[in-house]
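S.K.: Contents of query_29.cif (mmCIF, C-alpha atoms) are given next:
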data_data
loop_
_atom_site.label_atom_id
_atom_site.label_comp_id
_atom_site.auth_asym_id
_atom_site.auth_seq_id
_atom_site.Cartn_x
_atom_site.Cartn_y
_atom_site.Cartn_z
CA THR A 620 -24.67 -55.32 4.23
CA ILE A 621 -26.88 -53.52 1.70
CA TYR A 622 -27.77 -50.84 4.30
CA LEU A 623 -24.11 -50.22 5.07
CA GLY A 624 -23.40 -49.95 1.33
CA TYR A 625 -26.02 -47.24 0.92
CA GLU A 626 -24.69 -45.45 4.00
CA THR A 627 -21.20 -45.40 2.53
CA TYR A 628 -22.57 -44.19 -0.80
CA PHE A 629 -24.48 -41.28 0.73
CA ARG A 630 -21.49 -40.37 2.89
CA GLU A 631 -19.26 -40.23 -0.19
CA MET A 632 -21.84 -38.16 -2.07
CA ALA A 633 -22.03 -35.72 0.83
CA SER A 634 -18.24 -35.43 0.82
CA ILE A 635 -18.23 -34.77 -2.94
CA SER A 636 -20.95 -32.15 -2.48
CA ARG A 637 -18.86 -30.37 0.14
CA MET A 638 -15.85 -30.40 -2.16
CA GLN A 639 -17.96 -28.96 -4.98
CA LYS A 640 -19.10 -26.14 -2.70
CA ILE A 641 -15.50 -25.40 -1.72
CA PHE A 642 -14.33 -25.29 -5.34
CA SER A 643 -17.34 -23.20 -6.36
CA SER A 644 -16.64 -20.69 -3.59
CA ALA A 645 -12.97 -20.54 -4.59
CA ALA A 646 -13.87 -20.04 -8.25
CA LEU A 647 -16.24 -17.20 -7.36
CA SER A 648 -13.84 -15.48 -4.95
CA LEU A 649 -10.75 -15.74 -7.19
CA PRO A 650 -11.73 -12.90 -9.57
CA VAL A 651 -12.50 -10.67 -6.58
CA ALA A 652 -9.11 -11.48 -5.03
CA VAL A 653 -7.30 -10.79 -8.31
CA TRP A 654 -9.16 -7.47 -8.73
CA PHE A 655 -8.37 -6.49 -5.14
CA ASN A 656 -4.67 -7.28 -5.64
CA ASP A 657 -4.49 -5.36 -8.93
CA TYR A 658 -6.49 -2.29 -8.00
CA VAL A 659 -6.69 -1.84 -4.22
CA TYR A 660 -3.95 -3.46 -2.08
CA SER A 661 -1.02 -5.79 -2.58
CA VAL A 662 2.03 -6.83 -0.55
CA CYS A 663 5.74 -6.88 -1.33
CA ARG A 664 8.86 -7.99 0.51
CA VAL A 665 11.87 -5.69 0.84
CA ARG A 666 15.40 -6.79 0.12
CA GLY A 667 18.28 -4.48 0.95
CA THR A 668 19.07 -1.70 3.40
CA SER A 669 18.72 1.43 1.24
CA MET A 670 15.56 2.58 3.06
CA GLU A 671 16.73 2.04 6.65
CA PRO A 672 15.83 2.84 9.35
CA ALA A 673 12.20 3.36 8.22
CA ILE A 674 12.12 0.14 6.19
CA GLN A 675 14.47 -2.74 6.86
CA ASP A 676 15.62 -5.80 4.97
CA GLY A 677 12.97 -8.51 5.15
CA ASP A 678 10.02 -6.22 5.90
CA VAL A 679 6.75 -7.05 4.15
CA LEU A 680 4.91 -3.92 3.03
CA LEU A 681 1.22 -3.31 2.49
CA VAL A 682 0.99 -1.27 -0.73
CA ARG A 683 -2.11 0.80 -1.43
CA LYS A 684 -2.90 1.21 -5.12
CA ALA A 685 -5.97 3.44 -4.87
CA ASP A 686 -7.72 5.83 -2.52
CA LEU A 687 -10.84 4.08 -1.32
CA LEU A 688 -13.09 6.33 0.73
CA PRO A 689 -16.83 7.00 0.37
CA GLY A 690 -17.17 10.43 -1.19
CA PHE A 691 -13.43 10.75 -1.80
CA VAL A 692 -12.60 13.80 -3.81
CA VAL A 693 -11.50 14.05 -7.43
CA PHE A 694 -8.35 16.10 -6.86
CA GLU A 695 -7.84 17.36 -10.39
CA ALA A 696 -9.40 20.66 -11.40
CA GLU A 697 -8.67 22.76 -14.48
CA ASP A 698 -8.44 26.07 -12.65
CA GLU A 699 -6.36 24.77 -9.71
CA THR A 700 -2.56 24.65 -9.87
CA ASP A 701 -0.54 21.69 -8.57
CA GLN A 702 0.84 23.85 -5.79
CA ALA A 703 -2.65 24.97 -4.69
CA ARG A 704 -3.96 21.40 -4.82
CA VAL A 705 -1.09 20.01 -2.74
CA SER A 706 -1.46 22.80 -0.19
CA ARG A 707 -5.19 22.08 0.04
CA ILE A 708 -4.67 18.35 0.53
CA GLU A 709 -1.91 18.80 3.12
CA SER A 710 -4.15 21.14 5.11
CA GLY A 711 -6.94 18.56 5.15
CA GLY A 712 -9.12 20.22 2.51
CA TYR A 713 -10.03 17.09 0.59
CA TYR A 714 -13.06 18.43 -1.22
CA TYR A 715 -12.87 20.69 -4.22
CA ASN A 716 -15.92 22.85 -4.95
CA ASP A 717 -16.51 23.93 -8.53
CA ASN A 718 -18.01 27.25 -9.57
CA ASN A 719 -21.50 25.94 -8.89
CA ASN A 720 -20.48 24.89 -5.38
CA ASN A 721 -20.84 21.22 -6.28
CA LYS A 722 -18.52 18.59 -4.86
CA ASN A 723 -16.94 16.19 -7.33
CA THR A 724 -16.78 12.82 -5.62
CA VAL A 725 -15.90 9.24 -6.50
CA LEU A 726 -15.65 5.96 -4.56
CA MET A 727 -12.20 4.98 -5.83
CA SER A 728 -9.35 7.13 -7.14
CA LYS A 729 -6.34 5.49 -8.77
CA PRO A 730 -3.42 6.10 -8.41
CA PRO A 731 -3.51 7.20 -4.77
CA VAL A 732 -2.65 10.77 -3.88
CA ILE A 733 1.10 11.00 -3.29
CA LEU A 734 2.75 13.84 -1.39
CA ALA A 735 6.39 14.68 -0.77
CA GLY A 736 7.71 12.48 2.03
CA HIS A 737 5.60 9.43 1.24
CA VAL A 738 7.24 6.10 0.43
CA VAL A 739 6.17 4.57 -2.87
CA VAL A 740 6.89 1.29 -4.63
CA ILE A 741 7.93 1.87 -8.24
CA ARG A 742 9.18 -0.22 -11.11
CA ASN A 743 12.83 0.47 -11.82
CA PRO A 744 12.82 2.41 -15.11
CA GLU A 745 16.00 0.58 -16.10
CA SER A 746 14.40 -2.85 -15.78
CA SER A 747 12.18 -4.51 -18.36
CA PHE A 748 10.03 -7.60 -18.84
CA PRO A 749 10.48 -10.38 -17.82
CA SER A 750 13.03 -9.40 -15.14
CA MET A 751 11.16 -6.37 -13.79
CA GLU A 752 12.50 -4.95 -10.52
CA TYR A 753 10.43 -2.99 -8.01
CA GLN A 754 11.89 -0.55 -5.50
CA ALA A 755 10.70 1.25 -2.38
CA ARG A 756 11.72 4.91 -2.55
CA ARG A 757 10.82 8.13 -0.73
CA VAL A 758 9.23 10.95 -2.72
CA ILE A 759 11.28 14.16 -2.64
CA GLY A 760 9.61 16.18 -5.38
CA LEU A 761 6.29 16.23 -7.26
CA GLY A 762 5.49 17.15 -10.83
CA GLY A 763 6.11 20.84 -11.40
CA GLN A 764 8.51 21.26 -8.49
CA MET A 765 12.18 22.16 -8.59
CA ILE A 766 14.40 19.88 -6.55
CA ARG A 767 18.01 19.79 -5.44
CA PRO A 768 19.36 16.21 -5.68
CA LYS A 769 21.09 14.97 -2.54
CA TYR A 770 24.22 14.00 -4.46
CA THR A 771 24.68 17.31 -6.34
CA TRP A 772 23.73 20.32 -4.26
CA ASN A 773 24.94 22.75 -6.95
CA GLN A 774 22.39 21.36 -9.42
CA VAL A 775 18.64 22.00 -9.73
CA GLU A 776 16.23 19.66 -11.51
CA ILE A 777 12.67 20.35 -12.66
CA VAL A 778 10.26 17.43 -12.17
CA PRO A 779 8.01 16.97 -15.23
CA PRO A 780 4.22 16.84 -14.82
CA PHE A 781 2.77 13.52 -13.59
CA SER A 782 6.22 12.45 -12.40
CA LEU A 783 8.05 11.97 -9.10
CA TRP A 784 11.58 12.51 -7.89
CA VAL A 785 12.39 9.59 -5.59
CA GLU A 786 15.44 8.81 -3.48
CA THR A 787 16.71 6.28 -0.96
CA ASP A 788 16.84 7.17 2.74
CA GLN A 789 20.41 5.93 3.05
CA GLN A 790 23.24 7.72 1.25
CA GLY A 791 26.21 6.08 -0.35
CA THR A 792 24.57 2.67 -0.81
CA GLY A 793 25.10 2.64 -4.56
CA VAL A 794 21.44 1.67 -5.05
CA PRO A 795 19.86 3.52 -8.01
CA ASP A 796 17.23 6.21 -7.51
CA SER A 797 16.24 9.40 -9.35
CA GLY A 798 19.80 10.63 -8.86
CA LYS A 799 20.74 8.02 -11.46
CA TYR A 800 17.69 7.48 -13.67
CA GLY A 801 15.98 10.87 -13.22
CA PRO A 802 12.29 11.61 -12.53
CA VAL A 803 9.94 8.64 -12.58
CA SER A 804 6.60 8.65 -14.34
CA LYS A 805 3.63 7.82 -12.11
CA LYS A 806 2.77 5.13 -14.65
CA LEU A 807 5.65 3.13 -13.15
CA MET A 808 4.26 3.45 -9.61
CA LEU A 809 2.82 0.31 -8.07
CA GLY A 810 1.37 2.25 -5.14
CA LYS A 811 1.99 3.89 -1.80
CA ALA A 812 3.79 1.85 0.88
CA GLU A 813 1.36 2.29 3.74
CA ARG A 814 2.30 -0.18 6.48
CA ILE A 815 4.81 -2.78 7.54
CA ILE A 816 2.82 -5.96 8.21
CA TRP A 817 5.64 -8.45 8.81
CA PRO A 818 7.51 -9.33 11.00
CA PRO A 819 5.05 -8.69 13.86
CA ARG A 820 7.59 -6.71 15.90
CA ARG A 821 7.87 -4.27 12.98
CA TRP A 822 4.12 -3.82 12.49
CA GLY A 823 3.19 -0.18 12.03
CA LYS A 824 2.48 2.73 9.74
CA ILE A 825 5.22 4.04 7.46
CA GLU A 826 5.54 7.69 8.42
CA LYS A 827 5.78 10.53 5.93
CA VAL A 828 9.09 12.41 6.23
CA LYS A 829 8.76 15.67 4.35
CA PRO A 830 12.01 16.91 2.76
CA ALA A 831 13.53 20.23 3.77
CA GLU A 832 12.32 23.30 1.90
CA SER A 833 15.82 23.68 0.47
CA ARG A 834 15.39 20.30 -1.26
CA ALA A 835 12.09 20.85 -3.10
CA TRP A 836 10.05 23.95 -3.83
CA TRP A 837 7.53 25.40 -6.29
#
What would the structure in this file look like if it were written as structure tokens?
M.R.:
Amino acid sequence: TIYLGYETYFREMASISRMQKIFSSAALSLPVAVWFNDYVYSVCRVRGTSMEPAIQDGDVLLVRKADLLPGFVVFEAEDETDQARVSRIESGGYYYNDNNNNKNTVLMSKPPVILAGHVVVIRNPESSFPSMEYQARRVIGLGGQMIRPKYTWNQVEIVPPFSLWVETDQQGTGVPDSGKYGPVSKKLMLGKAERIIWPPRRWGKIEKVKPAESRAWW
């Protein structure tokens, strides 16, 4: 009886030890998970049909919040215009060489580089804490560009620096976009919608659809 008592005791202690290891691992991994969600990737679920057919109601999106590539370039340069930088990036010229022929590189660049045609997730400028609303919208114009809104073709808007002009893919849905609240500061951008990860039949990359030249230009 005494032997069985000790056996039970040691078995319970081993079980407690395993539980302590599990909780310790969870406690150590939680900050990493929170950091990853805040600075690298997060997910969001879409409600509504304003971005069909590219994004449908119920899709779960993988949202990238930073560019993570070894040796990724710092895109900003004092002597390079926005137009020249965008042209360089679109042509695959990721590196910028300074006057001394040195490459400026970093491991993580936040926010991610956004080009016309990408889909981004932004906070609705008309919403506020605690009922903040996030929207998936397609980028039509970048900071410094002139754009022609899809609802008013006889009007031309200038997108301020560090801002985006975003619109829905569907017309006539009544869902607000830049046509209603104007250009959106990049500070309101959660990140770039990169992939649809749920449901499985919808798994795939969200393609960039560049607007016509008559819609946005430098």
S.K.: Apply the PyMOL selection byres ((chain A and resi 681-683) around 9) to the structure shown and report the selected residues as a PDB file with C-alpha atoms, keeping the file's coordinate frame.
M.R.:
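expr.pdb was written with the following content:
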ATOM      1  CA  TYR A 658      -6.490  -2.290  -8.000  1.00  0.00           C
ATOM      2  CA  VAL A 659      -6.690  -1.840  -4.220  1.00  0.00           C
ATOM      3  CA  TYR A 660      -3.950  -3.460  -2.080  1.00  0.00           C
ATOM      4  CA  SER A 661      -1.020  -5.790  -2.580  1.00  0.00           C
ATOM      5  CA  VAL A 662       2.030  -6.830  -0.550  1.00  0.00           C
ATOM      6  CA  CYS A 663       5.740  -6.880  -1.330  1.00  0.00           C
ATOM      7  CA  VAL A 679       6.750  -7.050   4.150  1.00  0.00           C
ATOM      8  CA  LEU A 680       4.910  -3.920   3.030  1.00  0.00           C
ATOM      9  CA  LYS A 684      -2.900   1.210  -5.120  1.00  0.00           C
ATOM     10  CA  ALA A 685      -5.970   3.440  -4.870  1.00  0.00           C
ATOM     11  CA  ASP A 686      -7.720   5.830  -2.520  1.00  0.00           C
ATOM     12  CA  PRO A 730      -3.420   6.100  -8.410  1.00  0.00           C
ATOM     13  CA  PRO A 731      -3.510   7.200  -4.770  1.00  0.00           C
ATOM     14  CA  VAL A 739       6.170   4.570  -2.870  1.00  0.00           C
ATOM     15  CA  VAL A 740       6.890   1.290  -4.630  1.00  0.00           C
ATOM     16  CA  LEU A 809       2.820   0.310  -8.070  1.00  0.00           C
ATOM     17  CA  GLY A 810       1.370   2.250  -5.140  1.00  0.00           C
ATOM     18  CA  LYS A 811       1.990   3.890  -1.800  1.00  0.00           C
ATOM     19  CA  ALA A 812       3.790   1.850   0.880  1.00  0.00           C
ATOM     20  CA  GLU A 813       1.360   2.290   3.740  1.00  0.00           C
ATOM     21  CA  ARG A 814       2.300  -0.180   6.480  1.00  0.00           C
ATOM     22  CA  ILE A 815       4.810  -2.780   7.540  1.00  0.00           C
ATOM     23  CA  ILE A 816       2.820  -5.960   8.210  1.00  0.00           C
TER      24      ILE A 816
END
S.K.: Rank A:Arg767, A:His737, A:Arg637, A:Arg756 by their smallest atom-to-atom distance to Val665 of chain A, using only C-alpha atoms, and report the top residue only.
M.R.: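 Of A:Arg767, A:His737, A:Arg637, A:Arg756, the one nearest Val665 of chain A is A:Arg756, counting only C-alpha atoms.
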S.K.: Residues within 10 Å of (3.0, 10.9, 0.5), file coordinates, counting only C-alpha atoms: what are they? Give the list as a PyMOL selection string.
M.R.: chain A and resi 709+731-739+757-759+761+811-813+826-829
S.K.: So how many Å separate atom CA of Gln754 of chain A and atom CA of Pro672 of chain A, to one decimal?
M.R.: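 A separation of 15.7 Å between them.
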S.K.: Expressed in Å to a single decimal, how great is the separation between atom CA of Pro830 of chain A and atom CA of Trp784 of chain A?
M.R.: 11.5 Å
S.K.: Written as a ChimeraX atom specification, which residues does the PyMOL selection byres ((chain A and resi 768) around 10) give for the file shown?
M.R.: /A:759-760,765-767,769-776,784-786,797-798,801,834-835
S.K.: By how many Å are atom CA of Glu752 of chain A and atom CA of Leu649 of chain A apart?
M.R.: 25.8 Å
S.K.: Need to verify the contact set: Gln675 of chain A, 12 Å, only C-alpha atoms, exclusion of same-chain residues closer than 6 positions in sequence. Can you return it as a CSV table (one decimal) with C-alpha atoms, in the frame of the given file?
M.R.:
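So the final result, stored in out-v6.csv, reads:
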chain,number,residue,atom,x,y,z
A,664,ARG,CA,8.9,-8.0,0.5
A,665,VAL,CA,11.9,-5.7,0.8
A,666,ARG,CA,15.4,-6.8,0.1
A,667,GLY,CA,18.3,-4.5,1.0
A,668,THR,CA,19.1,-1.7,3.4
A,669,SER,CA,18.7,1.4,1.2
A,755,ALA,CA,10.7,1.2,-2.4
A,788,ASP,CA,16.8,7.2,2.7
A,789,GLN,CA,20.4,5.9,3.0
A,815,ILE,CA,4.8,-2.8,7.5
A,817,TRP,CA,5.6,-8.4,8.8
A,818,PRO,CA,7.5,-9.3,11.0
A,821,ARG,CA,7.9,-4.3,13.0
A,822,TRP,CA,4.1,-3.8,12.5
A,825,ILE,CA,5.2,4.0,7.5
S.K.: Using the partial input, fill out segment 795-806 of chain A with all heavy atoms; write the result as a PDB file, keeping the file's coordinate frame.
M.R.:
ATOM      1  N   PRO A 795      20.368   2.469  -7.124  1.00  0.00           N
ATOM      2  CA  PRO A 795      19.860   3.520  -8.010  1.00  0.00           C
ATOM      3  C   PRO A 795      18.565   4.151  -7.520  1.00  0.00           C
ATOM      4  O   PRO A 795      17.718   3.496  -6.922  1.00  0.00           O
ATOM      5  CB  PRO A 795      19.626   2.768  -9.331  1.00  0.00           C
ATOM      6  CG  PRO A 795      19.440   1.346  -8.930  1.00  0.00           C
ATOM      7  CD  PRO A 795      20.334   1.142  -7.743  1.00  0.00           C
ATOM      8  N   ASP A 796      18.464   5.467  -7.746  1.00  0.00           N
ATOM      9  CA  ASP A 796      17.230   6.210  -7.510  1.00  0.00           C
ATOM     10  C   ASP A 796      17.170   7.307  -8.562  1.00  0.00           C
ATOM     11  O   ASP A 796      17.846   7.225  -9.584  1.00  0.00           O
ATOM     12  CB  ASP A 796      17.147   6.738  -6.072  1.00  0.00           C
ATOM     13  CG  ASP A 796      18.336   7.618  -5.693  1.00  0.00           C
ATOM     14  OD1 ASP A 796      19.060   8.075  -6.605  1.00  0.00           O
ATOM     15  OD2 ASP A 796      18.551   7.860  -4.491  1.00  0.00           O
ATOM     16  N   SER A 797      16.360   8.350  -8.334  1.00  0.00           N
ATOM     17  CA  SER A 797      16.240   9.400  -9.350  1.00  0.00           C
ATOM     18  C   SER A 797      17.558  10.121  -9.598  1.00  0.00           C
ATOM     19  O   SER A 797      17.735  10.756 -10.649  1.00  0.00           O
ATOM     20  CB  SER A 797      15.168  10.418  -8.930  1.00  0.00           C
ATOM     21  OG  SER A 797      13.877   9.869  -9.088  1.00  0.00           O
ATOM     22  N   GLY A 798      18.479  10.051  -8.640  1.00  0.00           N
ATOM     23  CA  GLY A 798      19.800  10.630  -8.860  1.00  0.00           C
ATOM     24  C   GLY A 798      20.520   9.984 -10.024  1.00  0.00           C
ATOM     25  O   GLY A 798      21.387  10.588 -10.647  1.00  0.00           O
ATOM     26  N   LYS A 799      20.126   8.734 -10.351  1.00  0.00           N
ATOM     27  CA  LYS A 799      20.740   8.020 -11.460  1.00  0.00           C
ATOM     28  C   LYS A 799      19.843   8.006 -12.688  1.00  0.00           C
ATOM     29  O   LYS A 799      20.278   8.332 -13.794  1.00  0.00           O
ATOM     30  CB  LYS A 799      21.066   6.578 -11.056  1.00  0.00           C
ATOM     31  CG  LYS A 799      21.682   5.765 -12.194  1.00  0.00           C
ATOM     32  CD  LYS A 799      21.973   4.337 -11.775  1.00  0.00           C
ATOM     33  CE  LYS A 799      22.579   3.543 -12.929  1.00  0.00           C
ATOM     34  NZ  LYS A 799      22.816   2.127 -12.560  1.00  0.00           N
ATOM     35  N   TYR A 800      18.562   7.624 -12.499  1.00  0.00           N
ATOM     36  CA  TYR A 800      17.690   7.480 -13.670  1.00  0.00           C
ATOM     37  C   TYR A 800      16.708   8.630 -13.851  1.00  0.00           C
ATOM     38  O   TYR A 800      15.871   8.604 -14.743  1.00  0.00           O
ATOM     39  CB  TYR A 800      16.940   6.148 -13.655  1.00  0.00           C
ATOM     40  CG  TYR A 800      16.326   5.736 -12.341  1.00  0.00           C
ATOM     41  CD1 TYR A 800      15.287   6.460 -11.759  1.00  0.00           C
ATOM     42  CD2 TYR A 800      16.772   4.584 -11.686  1.00  0.00           C
ATOM     43  CE1 TYR A 800      14.716   6.067 -10.572  1.00  0.00           C
ATOM     44  CE2 TYR A 800      16.196   4.180 -10.494  1.00  0.00           C
ATOM     45  CZ  TYR A 800      15.166   4.920  -9.942  1.00  0.00           C
ATOM     46  OH  TYR A 800      14.590   4.520  -8.756  1.00  0.00           O
ATOM     47  N   GLY A 801      16.801   9.684 -13.023  1.00  0.00           N
ATOM     48  CA  GLY A 801      15.980  10.870 -13.220  1.00  0.00           C
ATOM     49  C   GLY A 801      14.563  10.718 -12.685  1.00  0.00           C
ATOM     50  O   GLY A 801      14.244   9.757 -11.976  1.00  0.00           O
ATOM     51  N   PRO A 802      13.682  11.670 -13.005  1.00  0.00           N
ATOM     52  CA  PRO A 802      12.290  11.610 -12.530  1.00  0.00           C
ATOM     53  C   PRO A 802      11.605  10.342 -13.034  1.00  0.00           C
ATOM     54  O   PRO A 802      11.919   9.828 -14.113  1.00  0.00           O
ATOM     55  CB  PRO A 802      11.657  12.866 -13.138  1.00  0.00           C
ATOM     56  CG  PRO A 802      12.798  13.761 -13.480  1.00  0.00           C
ATOM     57  CD  PRO A 802      13.946  12.876 -13.813  1.00  0.00           C
ATOM     58  N   VAL A 803      10.653   9.874 -12.253  1.00  0.00           N
ATOM     59  CA  VAL A 803       9.940   8.640 -12.580  1.00  0.00           C
ATOM     60  C   VAL A 803       8.481   8.956 -12.882  1.00  0.00           C
ATOM     61  O   VAL A 803       7.812   9.637 -12.102  1.00  0.00           O
ATOM     62  CB  VAL A 803      10.021   7.638 -11.411  1.00  0.00           C
ATOM     63  CG1 VAL A 803       9.240   6.372 -11.731  1.00  0.00           C
ATOM     64  CG2 VAL A 803      11.472   7.300 -11.104  1.00  0.00           C
ATOM     65  N   SER A 804       8.001   8.469 -14.000  1.00  0.00           N
ATOM     66  CA  SER A 804       6.600   8.650 -14.340  1.00  0.00           C
ATOM     67  C   SER A 804       5.705   7.902 -13.354  1.00  0.00           C
ATOM     68  O   SER A 804       6.043   6.797 -12.905  1.00  0.00           O
ATOM     69  CB  SER A 804       6.321   8.145 -15.763  1.00  0.00           C
ATOM     70  OG  SER A 804       4.924   8.094 -16.018  1.00  0.00           O
ATOM     71  N   LYS A 805       4.566   8.489 -13.021  1.00  0.00           N
ATOM     72  CA  LYS A 805       3.630   7.820 -12.110  1.00  0.00           C
ATOM     73  C   LYS A 805       3.071   6.532 -12.719  1.00  0.00           C
ATOM     74  O   LYS A 805       2.507   5.703 -12.005  1.00  0.00           O
ATOM     75  CB  LYS A 805       2.486   8.760 -11.741  1.00  0.00           C
ATOM     76  CG  LYS A 805       2.885   9.844 -10.755  1.00  0.00           C
ATOM     77  CD  LYS A 805       1.671  10.653 -10.318  1.00  0.00           C
ATOM     78  CE  LYS A 805       2.060  11.713  -9.303  1.00  0.00           C
ATOM     79  NZ  LYS A 805       0.879  12.516  -8.880  1.00  0.00           N
ATOM     80  N   LYS A 806       3.220   6.365 -14.018  1.00  0.00           N
ATOM     81  CA  LYS A 806       2.770   5.130 -14.650  1.00  0.00           C
ATOM     82  C   LYS A 806       3.587   3.930 -14.175  1.00  0.00           C
ATOM     83  O   LYS A 806       3.144   2.786 -14.302  1.00  0.00           O
ATOM     84  CB  LYS A 806       2.864   5.251 -16.173  1.00  0.00           C
ATOM     85  CG  LYS A 806       1.890   6.260 -16.777  1.00  0.00           C
ATOM     86  CD  LYS A 806       2.020   6.308 -18.287  1.00  0.00           C
ATOM     87  CE  LYS A 806       1.041   7.305 -18.883  1.00  0.00           C
ATOM     88  NZ  LYS A 806       1.161   7.380 -20.362  1.00  0.00           N
TER      89      LYS A 806
END
